[in-house]
Each structure stands twice: as C-alpha cells, then as structure tokens.
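**Q** Contents of data-v9.txt (compact mmCIF, C-alpha atoms):
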# COMPACT_ATOMS: atom_id res chain seq x y z
CA MET R 28 -57.79 -23.82 55.44
CA ASN R 29 -60.15 -26.79 55.60
CA GLY R 30 -59.35 -28.04 52.14
CA LEU R 31 -59.48 -31.32 50.32
CA HIS R 32 -56.45 -32.31 48.30
CA LEU R 33 -56.89 -35.21 45.89
CA ILE R 34 -53.62 -36.56 44.57
CA GLY R 35 -53.28 -39.20 41.89
CA ASP R 36 -50.25 -41.09 40.62
CA LEU R 37 -51.56 -43.11 37.72
CA GLY R 38 -49.79 -45.69 35.63
CA GLY R 39 -50.64 -48.35 33.08
CA CYS R 40 -52.98 -46.00 31.23
CA ARG R 41 -54.89 -47.90 28.55
CA CYS R 42 -56.37 -44.83 26.84
CA ASP R 43 -55.43 -43.69 23.34
CA PRO R 44 -51.74 -42.68 23.78
CA LYS R 45 -52.59 -39.32 22.21
CA ARG R 46 -54.35 -38.37 25.43
CA LEU R 47 -51.03 -38.37 27.26
CA LEU R 48 -49.22 -36.59 24.43
CA ASP R 49 -51.50 -33.74 23.38
CA GLY R 50 -51.74 -31.02 26.00
CA ARG R 51 -53.93 -28.79 23.88
CA GLU R 52 -56.57 -31.47 23.51
CA PHE R 53 -56.52 -32.28 27.21
CA GLU R 54 -56.72 -28.62 28.20
CA GLN R 55 -60.01 -28.26 26.32
CA GLN R 56 -61.31 -31.52 27.76
CA CYS R 57 -60.28 -30.53 31.26
CA LEU R 58 -62.14 -27.23 31.06
CA GLU R 59 -65.26 -29.19 30.08
CA PHE R 60 -64.78 -31.56 33.02
CA VAL R 61 -64.40 -28.58 35.38
CA LYS R 62 -67.62 -27.04 34.11
CA ALA R 63 -69.50 -30.34 34.36
CA SER R 64 -68.37 -30.78 37.96
CA GLY R 65 -69.78 -27.40 38.95
CA LEU R 66 -66.40 -25.77 39.63
CA THR R 67 -65.29 -22.51 38.02
CA THR R 68 -62.25 -22.00 35.79
CA MET R 69 -60.46 -18.66 36.10
CA SER R 70 -57.59 -19.44 33.74
CA SER R 71 -55.47 -22.30 32.50
CA SER R 72 -51.85 -22.69 31.52
CA PHE R 73 -50.39 -25.68 29.69
CA HIS R 74 -46.92 -26.42 28.42
CA GLN R 75 -46.15 -29.05 25.79
CA PHE R 76 -42.77 -30.77 25.93
CA ASP R 77 -41.23 -31.46 22.53
CA GLY R 78 -41.71 -35.10 21.69
CA GLY R 79 -43.01 -35.79 25.17
CA GLY R 80 -45.89 -35.16 27.46
CA TYR R 81 -47.33 -32.00 28.86
CA THR R 82 -47.76 -30.20 32.11
CA GLY R 83 -50.57 -27.86 32.96
CA THR R 84 -52.57 -26.13 35.61
CA VAL R 85 -56.08 -24.78 35.81
CA VAL R 86 -56.70 -21.97 38.27
CA LEU R 87 -60.15 -22.44 39.76
CA ALA R 88 -62.19 -19.98 41.80
CA GLU R 89 -62.13 -22.81 44.36
CA SER R 90 -58.38 -23.53 44.02
CA HIS R 91 -56.56 -25.59 41.35
CA VAL R 92 -55.96 -28.59 39.12
CA ALA R 93 -52.46 -29.67 38.09
CA ILE R 94 -51.45 -32.46 35.73
CA HIS R 95 -48.15 -33.81 34.45
CA THR R 96 -47.94 -36.64 31.94
CA TRP R 97 -45.21 -39.15 31.06
CA PRO R 98 -46.36 -40.85 27.85
CA GLU R 99 -43.27 -43.06 27.82
CA LYS R 100 -44.42 -44.51 31.14
CA GLN R 101 -48.16 -44.49 30.29
CA GLY R 102 -48.51 -42.39 33.38
CA LEU R 103 -49.42 -39.09 34.92
CA THR R 104 -49.76 -37.29 38.19
CA LEU R 105 -52.89 -35.33 38.99
CA ASP R 106 -53.85 -32.89 41.73
CA VAL R 107 -57.24 -31.44 42.43
CA TYR R 108 -57.29 -29.11 45.40
CA VAL R 109 -60.34 -27.24 46.66
CA CYS R 110 -60.72 -25.07 49.68
CA ASN R 111 -63.96 -25.37 51.59
CA TYR R 112 -63.78 -21.99 53.22
CA SER R 113 -66.92 -20.38 51.80
CA ALA R 114 -68.71 -23.57 50.67
CA ASP R 115 -68.14 -27.33 50.75
CA ASN R 116 -66.66 -28.15 47.36
CA SER R 117 -65.52 -31.67 48.24
CA ASP R 118 -68.11 -33.53 46.17
CA LYS R 119 -67.39 -31.37 43.12
CA ALA R 120 -63.68 -32.01 43.50
CA ARG R 121 -64.21 -35.77 43.76
CA SER R 122 -66.42 -35.70 40.67
CA LEU R 123 -63.82 -33.77 38.67
CA PHE R 124 -61.00 -36.02 39.83
CA GLN R 125 -62.93 -39.15 38.86
CA SER R 126 -63.79 -37.74 35.42
CA ILE R 127 -60.12 -37.17 34.69
CA ILE R 128 -59.11 -40.61 35.98
CA ASP R 129 -61.74 -42.25 33.80
CA TYR R 130 -60.47 -40.31 30.78
CA PHE R 131 -56.99 -41.84 31.06
CA GLU R 132 -58.10 -45.38 31.95
CA PRO R 133 -55.27 -46.19 34.37
CA GLY R 134 -54.48 -49.71 35.56
CA GLU R 135 -56.40 -51.19 38.43
CA GLY R 136 -56.35 -48.79 41.33
CA HIS R 137 -55.20 -49.28 44.84
CA PRO R 138 -57.71 -48.16 47.43
CA TRP R 139 -57.66 -44.49 48.29
CA THR R 140 -55.21 -43.65 50.99
CA VAL R 141 -56.43 -40.87 53.23
CA LEU R 142 -53.69 -38.91 54.88
CA ALA R 143 -54.27 -36.07 57.29
CA ASP R 144 -51.94 -33.46 58.65
CA PRO R 145 -52.01 -32.20 62.25
CA GLN R 146 -54.48 -29.44 61.38
CA GLY R 147 -56.94 -31.92 59.95
CA ASN R 148 -56.45 -31.10 56.30
CA GLU R 149 -57.32 -34.15 54.30
CA PHE R 150 -55.12 -35.51 51.53
CA CYS R 151 -56.39 -38.39 49.47
CA ALA R 152 -53.81 -40.25 47.44
CA PHE R 153 -54.91 -42.53 44.63
CA THR R 154 -52.42 -44.78 42.93
CA ALA R 155 -53.02 -47.07 39.99
CA MET C 286 -43.64 -41.03 39.52
CA ASN C 287 -41.08 -40.65 42.30
CA GLY C 288 -42.05 -37.11 43.16
CA LEU C 289 -41.84 -34.85 46.16
CA HIS C 290 -44.93 -32.90 47.09
CA LEU C 291 -44.49 -30.12 49.62
CA ILE C 292 -47.75 -28.83 51.02
CA GLY C 293 -48.11 -25.84 53.30
CA ASP C 294 -51.11 -24.53 55.21
CA LEU C 295 -49.89 -21.31 56.74
CA GLY C 296 -51.65 -19.00 59.17
CA GLY C 297 -50.82 -16.07 61.40
CA CYS C 298 -48.73 -14.42 58.69
CA ARG C 299 -46.89 -11.41 60.09
CA CYS C 300 -45.70 -10.03 56.74
CA ASP C 301 -46.95 -6.78 55.24
CA PRO C 302 -50.66 -7.55 54.55
CA LYS C 303 -50.10 -6.40 50.97
CA ARG C 304 -48.19 -9.61 50.30
CA LEU C 305 -51.37 -11.62 50.77
CA LEU C 306 -53.45 -9.14 48.76
CA ASP C 307 -51.45 -8.35 45.65
CA GLY C 308 -51.19 -11.29 43.29
CA ARG C 309 -49.27 -9.39 40.66
CA GLU C 310 -46.52 -8.49 43.09
CA PHE C 311 -46.28 -12.05 44.38
CA GLU C 312 -46.22 -13.49 40.86
CA GLN C 313 -43.09 -11.50 40.05
CA GLN C 314 -41.52 -12.40 43.38
CA CYS C 315 -42.35 -16.07 42.91
CA LEU C 316 -40.71 -16.18 39.48
CA GLU C 317 -37.56 -14.78 41.09
CA PHE C 318 -37.70 -17.41 43.85
CA VAL C 319 -38.10 -20.16 41.22
CA LYS C 320 -35.07 -18.91 39.33
CA ALA C 321 -32.99 -18.62 42.49
CA SER C 322 -33.84 -22.20 43.47
CA GLY C 323 -32.57 -23.52 40.15
CA LEU C 324 -35.98 -24.62 38.86
CA THR C 325 -37.38 -23.52 35.49
CA THR C 326 -40.60 -21.55 34.90
CA MET C 327 -42.54 -22.41 31.76
CA SER C 328 -45.53 -20.14 32.42
CA SER C 329 -47.54 -18.65 35.25
CA SER C 330 -51.20 -17.84 35.72
CA PHE C 331 -52.60 -15.71 38.56
CA HIS C 332 -56.10 -14.54 39.37
CA GLN C 333 -56.87 -11.65 41.67
CA PHE C 334 -60.13 -11.78 43.63
CA ASP C 335 -61.86 -8.42 43.98
CA GLY C 336 -61.22 -7.06 47.44
CA GLY C 337 -59.66 -10.34 48.47
CA GLY C 338 -56.68 -12.53 47.96
CA TYR C 339 -55.33 -14.25 44.91
CA THR C 340 -54.78 -17.67 43.51
CA GLY C 341 -52.10 -18.66 41.12
CA THR C 342 -50.01 -21.38 39.61
CA VAL C 343 -46.58 -21.56 38.08
CA VAL C 344 -45.95 -24.32 35.57
CA LEU C 345 -42.39 -25.55 35.98
CA ALA C 346 -40.38 -27.78 33.69
CA GLU C 347 -40.10 -29.93 36.82
CA SER C 348 -43.82 -29.73 37.73
CA HIS C 349 -45.68 -26.91 39.54
CA VAL C 350 -46.24 -24.35 42.26
CA ALA C 351 -49.73 -23.38 43.44
CA ILE C 352 -50.74 -20.74 45.95
CA HIS C 353 -54.05 -19.51 47.36
CA THR C 354 -54.24 -16.65 49.84
CA TRP C 355 -56.87 -15.60 52.37
CA PRO C 356 -55.84 -12.13 53.59
CA GLU C 357 -58.81 -12.01 55.98
CA LYS C 358 -57.34 -15.02 57.77
CA GLN C 359 -53.69 -13.97 57.39
CA GLY C 360 -53.27 -17.30 55.69
CA LEU C 361 -52.44 -19.18 52.55
CA THR C 362 -51.98 -22.65 51.16
CA LEU C 363 -48.93 -23.50 49.12
CA ASP C 364 -47.92 -26.48 47.00
CA VAL C 365 -44.58 -27.17 45.43
CA TYR C 366 -44.48 -30.41 43.50
CA VAL C 367 -41.47 -31.72 41.60
CA CYS C 368 -41.00 -34.99 39.82
CA ASN C 369 -37.64 -36.66 40.14
CA TYR C 370 -37.91 -38.74 37.01
CA SER C 371 -34.97 -37.35 35.05
CA ALA C 372 -33.08 -35.70 37.94
CA ASP C 373 -33.41 -35.32 41.71
CA ASN C 374 -35.08 -31.95 42.19
CA SER C 375 -35.95 -32.41 45.84
CA ASP C 376 -33.40 -29.97 47.26
CA LYS C 377 -34.45 -27.28 44.78
CA ALA C 378 -38.07 -27.80 45.72
CA ARG C 379 -37.30 -27.52 49.43
CA SER C 380 -35.33 -24.35 48.81
CA LEU C 381 -38.16 -22.77 46.82
CA PHE C 382 -40.75 -23.78 49.40
CA GLN C 383 -38.70 -22.31 52.23
CA SER C 384 -38.17 -19.03 50.34
CA ILE C 385 -41.91 -18.59 49.91
CA ILE C 386 -42.63 -19.48 53.55
CA ASP C 387 -40.04 -16.96 54.74
CA TYR C 388 -41.63 -14.29 52.53
CA PHE C 389 -44.99 -14.56 54.29
CA GLU C 390 -43.61 -14.91 57.83
CA PRO C 391 -46.22 -17.37 59.13
CA GLY C 392 -46.74 -18.11 62.81
CA GLU C 393 -44.55 -20.64 64.52
CA GLY C 394 -44.55 -23.84 62.52
CA HIS C 395 -45.40 -27.33 63.52
CA PRO C 396 -42.80 -29.86 62.56
CA TRP C 397 -43.01 -31.22 59.05
CA THR C 398 -45.31 -34.16 58.74
CA VAL C 399 -44.12 -36.66 56.19
CA LEU C 400 -46.86 -38.71 54.65
CA ALA C 401 -46.30 -41.43 52.08
CA ASP C 402 -48.69 -43.26 49.82
CA PRO C 403 -48.45 -46.99 49.07
CA GLN C 404 -46.19 -46.36 46.06
CA GLY C 405 -43.70 -44.47 48.16
CA ASN C 406 -44.47 -40.99 46.91
CA GLU C 407 -43.55 -38.56 49.60
CA PHE C 408 -45.84 -35.77 50.76
CA CYS C 409 -44.55 -33.28 53.27
CA ALA C 410 -47.15 -31.18 55.02
CA PHE C 411 -46.11 -28.02 56.84
CA THR C 412 -48.58 -26.18 59.03
CA ALA C 413 -48.04 -22.96 60.90
Now that the file is in, can you turn its structure into structure tokens?

**A**
Amino acid sequence: MNGLHLIGDLGGCRCDPKRLLDGREFEQQCLEFVKASGLTTMSSSFHQFDGGGYTGTVVLAESHVAIHTWPEKQGLTLDVYVCNYSADNSDKARSLFQSIIDYFEPGEGHPWTVLADPQGNEFCAFTA
Amino acid sequence: MNGLHLIGDLGGCRCDPKRLLDGREFEQQCLEFVKASGLTTMSSSFHQFDGGGYTGTVVLAESHVAIHTWPEKQGLTLDVYVCNYSADNSDKARSLFQSIIDYFEPGEGHPWTVLADPQGNEFCAFTA
C-alpha cells in the first residue's frame, strides 16, 4: 500500500514522569501534535491502567498513531503509520513522530534502522 | 519493550467485497476474533470513509490492532502489536493475526519476513 511505518521503542525518558502516567493529558497533546503536523484526526481512544501507564490510538484520515507507556521503565512504544496512496504523507508523519519523541525526552537514540519488506514497504525503527 | 509486531500488507482479497467496505461489521467481527485469541479489548474506534473503506483501531490490554482497507484495490494493511512485558502474548497475537487474514482471503502470501531492530524487537511482515 506504499506506506511509511515509523516505529519507536523509547527508554530512559527524562521528561516529567507525569507524561508517561497521564493518558488524558497526552491524548490532548497528541491531537495538537497531529494538527500541527498537517495530518487529520478522525477519532482517538485511550485507556488508562490503574496505577500504571496508558495505551491509546488515534485514527487518522491518513492511517494511525499508537502509543503504549511503561512509567516504571521510563519507556514507551510508539507507532505512526501513514499510507501514501492518495498523497505523500511521509514528511508529515516524520514531523509528528519527532514531536512525540521530543515530548518524552528519551535517552540518546540509536540511528534509525530502515527495514523494508519484499513489497518495498518501508519500516523505520527508532530505539533510544 | 520485548514486543512482537505483526504487520500485514494484503492484496487480491477474494472475500465478499462488503468485508472491505463495512467498518461496523468488521469491528464486531474483530472484537470476536480478539476474544477468541485470548487477548483483551479495552476499546475500539473505527471510521468509515464515505463510499470507500474504513480505518480502525482496537486498544488491547496487551497493546493494539490497527486496520486500514482500500476496497478499490481489494487490499488492506493490518497491524497486531503485543508487548510481552508481563506475559508472553506472542502466540495469541499470531492467532489473532491469522484469523483476520483468513477472514479477508488475500491472494497467495509471500513467506513471512522477520525483521529485527538493534534492540531485538521482532517485526514480522506478511505480504500477499
């Protein structure tokens, strides 16, 4: 489907710990990041774990964002996927992904790893 | 975060075309597949495109499912991601992924491609 899938596995986050704990706050922030990147939110769905982190998804017109946090490990995983079927959304996806990474202030990152499947779909994995 | 990320890019789907068109029907079906696989739905969020396909996500206790359909291409992309932090959910994820693939009857599949990032997270890409 000619998409770009950005995948982050972030640890050592130096942000205010509340950012990994409070799904409601992040949901609002994430919707602002989506708007600023030029992508379009259709709906969002977050779940708060009692005494723990949160997990959530944002359904975009261009595809989706998914996040799962582990406050006890100062970590999270993050997906931003966009299809490029009707327009090239890759730059917007990279901008959104970077905004979210910056928000959590993970440890020093490894270089991006670009993985590709046999059909040429591109997966970019970022670990920190 | 020691997760398993199953990623499908499926084309040539031979199922009833309605399955790629009707997000509400698939949402209900997907929740049944999740339950049958032994995973736990927290919430789901689907968006129907006028005269087109649908896009949706299911927030799981164990992470997420995301799907985007393109009926005009008889295709879809599918993600099933589970973390294995508190238990090994890999077999449940594979079972769920396979149930959804079978539902859409894609063309003959390429072998799974297993990709891994520098931290050892496993990504499995399935194309058909």

**Q** Please provide as a PyMOL selection string all residues within 12 Å of Gly78 (chain R), with the sequence filter that same-chain residues fewer than 5 positions apart are discarded (counting only C-alpha atoms).

**A** chain R and resi 45+47-50+97-99

**Q** So what do you get for CA of Ala372 (chain C) versus CA of Gly323 (chain C), distance-wise?

**A**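 Going from CA of Ala372 (chain C) over to CA of Gly323 (chain C), I get 12.4 Å.
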
**Q** Compare C:Asp335, C:Asp301, C:Glu310, C:Asp294 by their minimum atom-to-atom distance to Phe382 (chain C), counting all atoms listed in the file, and give me the closest one.

**A**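 Smallest separation from Phe382 (chain C) among the options: C:Asp294.
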
**Q** Name the residues in contact with Ala378 (chain C) at a cut-off of 9 Å, using all atoms listed in the file, excluding same-chain residues fewer than 6 positions from it; report them as a ChimeraX atom specification.

**A** /C:289-291,319,322-324,365-367

**Q** Counting all atoms listed in the file, figure out which residue out of R:Cys40, R:Ile34, R:Ile127, R:Ala63 gets nearest to chain C.

**A**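 Closest candidate: R:Ile34.
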
**Q** Could you fit chain C onto chain R with a least-squares superposition over all C-alpha atoms, matched one to one in order, and give me the transformed chain as a compact mmCIF listing (two decimals) with C-alpha atoms, in the frame of the given file?

**A**
# COMPACT_ATOMS: atom_id res chain seq x y z
CA MET C 286 -57.77 -23.82 55.45
CA ASN C 287 -60.16 -26.77 55.60
CA GLY C 288 -59.34 -28.03 52.14
CA LEU C 289 -59.48 -31.31 50.30
CA HIS C 290 -56.46 -32.31 48.29
CA LEU C 291 -56.89 -35.21 45.89
CA ILE C 292 -53.63 -36.57 44.57
CA GLY C 293 -53.29 -39.20 41.88
CA ASP C 294 -50.25 -41.09 40.63
CA LEU C 295 -51.55 -43.10 37.72
CA GLY C 296 -49.77 -45.70 35.63
CA GLY C 297 -50.62 -48.34 33.07
CA CYS C 298 -52.98 -46.00 31.23
CA ARG C 299 -54.89 -47.89 28.55
CA CYS C 300 -56.38 -44.82 26.84
CA ASP C 301 -55.43 -43.69 23.35
CA PRO C 302 -51.73 -42.69 23.77
CA LYS C 303 -52.59 -39.34 22.22
CA ARG C 304 -54.35 -38.36 25.43
CA LEU C 305 -51.04 -38.38 27.27
CA LEU C 306 -49.24 -36.59 24.42
CA ASP C 307 -51.49 -33.74 23.38
CA GLY C 308 -51.73 -31.03 26.00
CA ARG C 309 -53.93 -28.79 23.91
CA GLU C 310 -56.56 -31.47 23.51
CA PHE C 311 -56.51 -32.29 27.22
CA GLU C 312 -56.72 -28.62 28.20
CA GLN C 313 -60.00 -28.27 26.33
CA GLN C 314 -61.30 -31.54 27.75
CA CYS C 315 -60.29 -30.54 31.27
CA LEU C 316 -62.14 -27.23 31.05
CA GLU C 317 -65.25 -29.19 30.08
CA PHE C 318 -64.78 -31.56 33.02
CA VAL C 319 -64.39 -28.58 35.38
CA LYS C 320 -67.61 -27.05 34.11
CA ALA C 321 -69.49 -30.33 34.36
CA SER C 322 -68.37 -30.78 37.97
CA GLY C 323 -69.78 -27.40 38.94
CA LEU C 324 -66.40 -25.78 39.64
CA THR C 325 -65.30 -22.51 38.02
CA THR C 326 -62.24 -21.99 35.79
CA MET C 327 -60.47 -18.66 36.11
CA SER C 328 -57.58 -19.44 33.75
CA SER C 329 -55.47 -22.32 32.50
CA SER C 330 -51.84 -22.67 31.52
CA PHE C 331 -50.39 -25.68 29.68
CA HIS C 332 -46.91 -26.44 28.39
CA GLN C 333 -46.16 -29.05 25.77
CA PHE C 334 -42.78 -30.78 25.94
CA ASP C 335 -41.23 -31.47 22.54
CA GLY C 336 -41.71 -35.11 21.68
CA GLY C 337 -43.01 -35.79 25.16
CA GLY C 338 -45.88 -35.17 27.46
CA TYR C 339 -47.33 -32.00 28.86
CA THR C 340 -47.77 -30.20 32.10
CA GLY C 341 -50.54 -27.86 32.96
CA THR C 342 -52.57 -26.13 35.59
CA VAL C 343 -56.07 -24.79 35.80
CA VAL C 344 -56.71 -21.98 38.26
CA LEU C 345 -60.15 -22.43 39.76
CA ALA C 346 -62.18 -19.99 41.81
CA GLU C 347 -62.12 -22.82 44.36
CA SER C 348 -58.37 -23.53 44.03
CA HIS C 349 -56.56 -25.58 41.35
CA VAL C 350 -55.97 -28.58 39.12
CA ALA C 351 -52.47 -29.67 38.08
CA ILE C 352 -51.45 -32.44 35.72
CA HIS C 353 -48.14 -33.81 34.47
CA THR C 354 -47.95 -36.63 31.94
CA TRP C 355 -45.22 -39.12 31.05
CA PRO C 356 -46.37 -40.84 27.84
CA GLU C 357 -43.26 -43.05 27.83
CA LYS C 358 -44.43 -44.51 31.13
CA GLN C 359 -48.15 -44.48 30.29
CA GLY C 360 -48.49 -42.39 33.39
CA LEU C 361 -49.41 -39.08 34.91
CA THR C 362 -49.76 -37.28 38.20
CA LEU C 363 -52.89 -35.32 38.98
CA ASP C 364 -53.86 -32.89 41.72
CA VAL C 365 -57.25 -31.44 42.43
CA TYR C 366 -57.29 -29.11 45.39
CA VAL C 367 -60.34 -27.23 46.65
CA CYS C 368 -60.73 -25.07 49.69
CA ASN C 369 -63.96 -25.36 51.60
CA TYR C 370 -63.78 -21.98 53.24
CA SER C 371 -66.92 -20.39 51.81
CA ALA C 372 -68.71 -23.58 50.68
CA ASP C 373 -68.15 -27.34 50.76
CA ASN C 374 -66.65 -28.16 47.37
CA SER C 375 -65.51 -31.66 48.24
CA ASP C 376 -68.10 -33.54 46.17
CA LYS C 377 -67.38 -31.37 43.13
CA ALA C 378 -63.68 -32.03 43.52
CA ARG C 379 -64.22 -35.78 43.77
CA SER C 380 -66.40 -35.70 40.68
CA LEU C 381 -63.81 -33.77 38.68
CA PHE C 382 -61.00 -36.04 39.83
CA GLN C 383 -62.94 -39.15 38.88
CA SER C 384 -63.78 -37.75 35.42
CA ILE C 385 -60.11 -37.16 34.69
CA ILE C 386 -59.10 -40.60 35.98
CA ASP C 387 -61.75 -42.26 33.81
CA TYR C 388 -60.47 -40.33 30.78
CA PHE C 389 -56.99 -41.85 31.05
CA GLU C 390 -58.11 -45.38 31.94
CA PRO C 391 -55.28 -46.19 34.37
CA GLY C 392 -54.47 -49.71 35.54
CA GLU C 393 -56.39 -51.19 38.41
CA GLY C 394 -56.34 -48.79 41.32
CA HIS C 395 -55.22 -49.27 44.84
CA PRO C 396 -57.73 -48.14 47.40
CA TRP C 397 -57.67 -44.48 48.28
CA THR C 398 -55.23 -43.65 51.00
CA VAL C 399 -56.44 -40.87 53.22
CA LEU C 400 -53.70 -38.91 54.87
CA ALA C 401 -54.27 -36.05 57.27
CA ASP C 402 -51.93 -33.43 58.64
CA PRO C 403 -52.00 -32.21 62.25
CA GLN C 404 -54.49 -29.45 61.39
CA GLY C 405 -56.94 -31.92 59.95
CA ASN C 406 -56.46 -31.09 56.30
CA GLU C 407 -57.34 -34.13 54.30
CA PHE C 408 -55.14 -35.51 51.54
CA CYS C 409 -56.40 -38.40 49.48
CA ALA C 410 -53.82 -40.25 47.45
CA PHE C 411 -54.92 -42.53 44.62
CA THR C 412 -52.42 -44.80 42.92
CA ALA C 413 -53.02 -47.10 40.01

**Q** Would you mind reading off the distance between CA of Lys320 (chain C) and CA of Ile94 (chain R), one decimal, in Å?

**A**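 Calculated distance between CA of Lys320 (chain C) and CA of Ile94 (chain R) is 21.6 Å.
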
**Q** With 6 Å added on each side, what axis-aligned box encloses every listed atom of region 329-344 of chain C? Give the centre and edge lengths in Å to one decimal, as JSON.

**A**
{"center_x": -53.9, "center_y": -15.7, "center_z": 41.9, "size_x": 27.9, "size_y": 29.3, "size_z": 25.2}

**Q** Which neighbours of Ser70 (chain R) fall inside 7 Å, counting all atoms listed in the file, when residues of the same chain fewer than 5 positions from it are skipped, and could you give them as a PyMOL selection string?

**A** (chain R and resi 85-86) or (chain C and resi 330)

**Q** Suppose we keep C-alpha atoms; can you now write the selection as a short mmCIF file (atom, residue, chain, number, x, y, z; two decimals), in the frame of the given file?

**A**
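Result written to again-v6.cif:
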data_model
loop_
_atom_site.label_atom_id
_atom_site.label_comp_id
_atom_site.auth_asym_id
_atom_site.auth_seq_id
_atom_site.Cartn_x
_atom_site.Cartn_y
_atom_site.Cartn_z
CA VAL R 85 -56.08 -24.78 35.81
CA VAL R 86 -56.70 -21.97 38.27
CA SER C 330 -51.20 -17.84 35.72
#

**Q** Using all atoms listed in the file, can you tell me which of R:Gly134, R:Pro44, R:Gly79, R:Gly38 comes closest to chain C?

**A**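 Looking at the shortest contact to chain C, the residue is R:Gly38.
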
**Q** Just the number, please: distance in Å from CA of Ser380 (chain C) to CA of Cys315 (chain C), one decimal.

**A**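 Spanning CA of Ser380 (chain C) to CA of Cys315 (chain C) is a straight-line distance of 12.4 Å.
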
**Q** Of the candidates C:Gly297, C:Gly338, C:Gly360, C:Gly394, which shows the shortest atom-to-atom distance to chain R, using all atoms listed in the file?

**A**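 For chain R, the nearest of the given residues is C:Gly360.
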
**Q** Can you tell me which residues surround Ala93 (chain R) at a distance of at most 8 Å, considering only C-alpha atoms, apart from same-chain residues fewer than 6 positions away, and format the answer as a list of chain:residue names?

**A**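 What passes the distance filter is R:Thr82, R:Gly83, R:Thr84, R:Val85, R:Leu105, R:Asp106, R:Val107, C:His349.
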
**Q** C:Gln313, C:Thr362, C:Gln383, C:Ser375: which is nearest chain R, counting all atoms listed in the file?

**A**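 Comparing C:Gln313, C:Thr362, C:Gln383, C:Ser375 against chain R, the winner is C:Thr362.
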
**Q** Counting all atoms listed in the file, which residue out of C:Glu317, C:Cys300, C:Tyr388, C:Gly288 sits closest to Cys368 (chain C)?

**A**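 Counting all atoms listed in the file, the residue closest to Cys368 (chain C) is C:Gly288.
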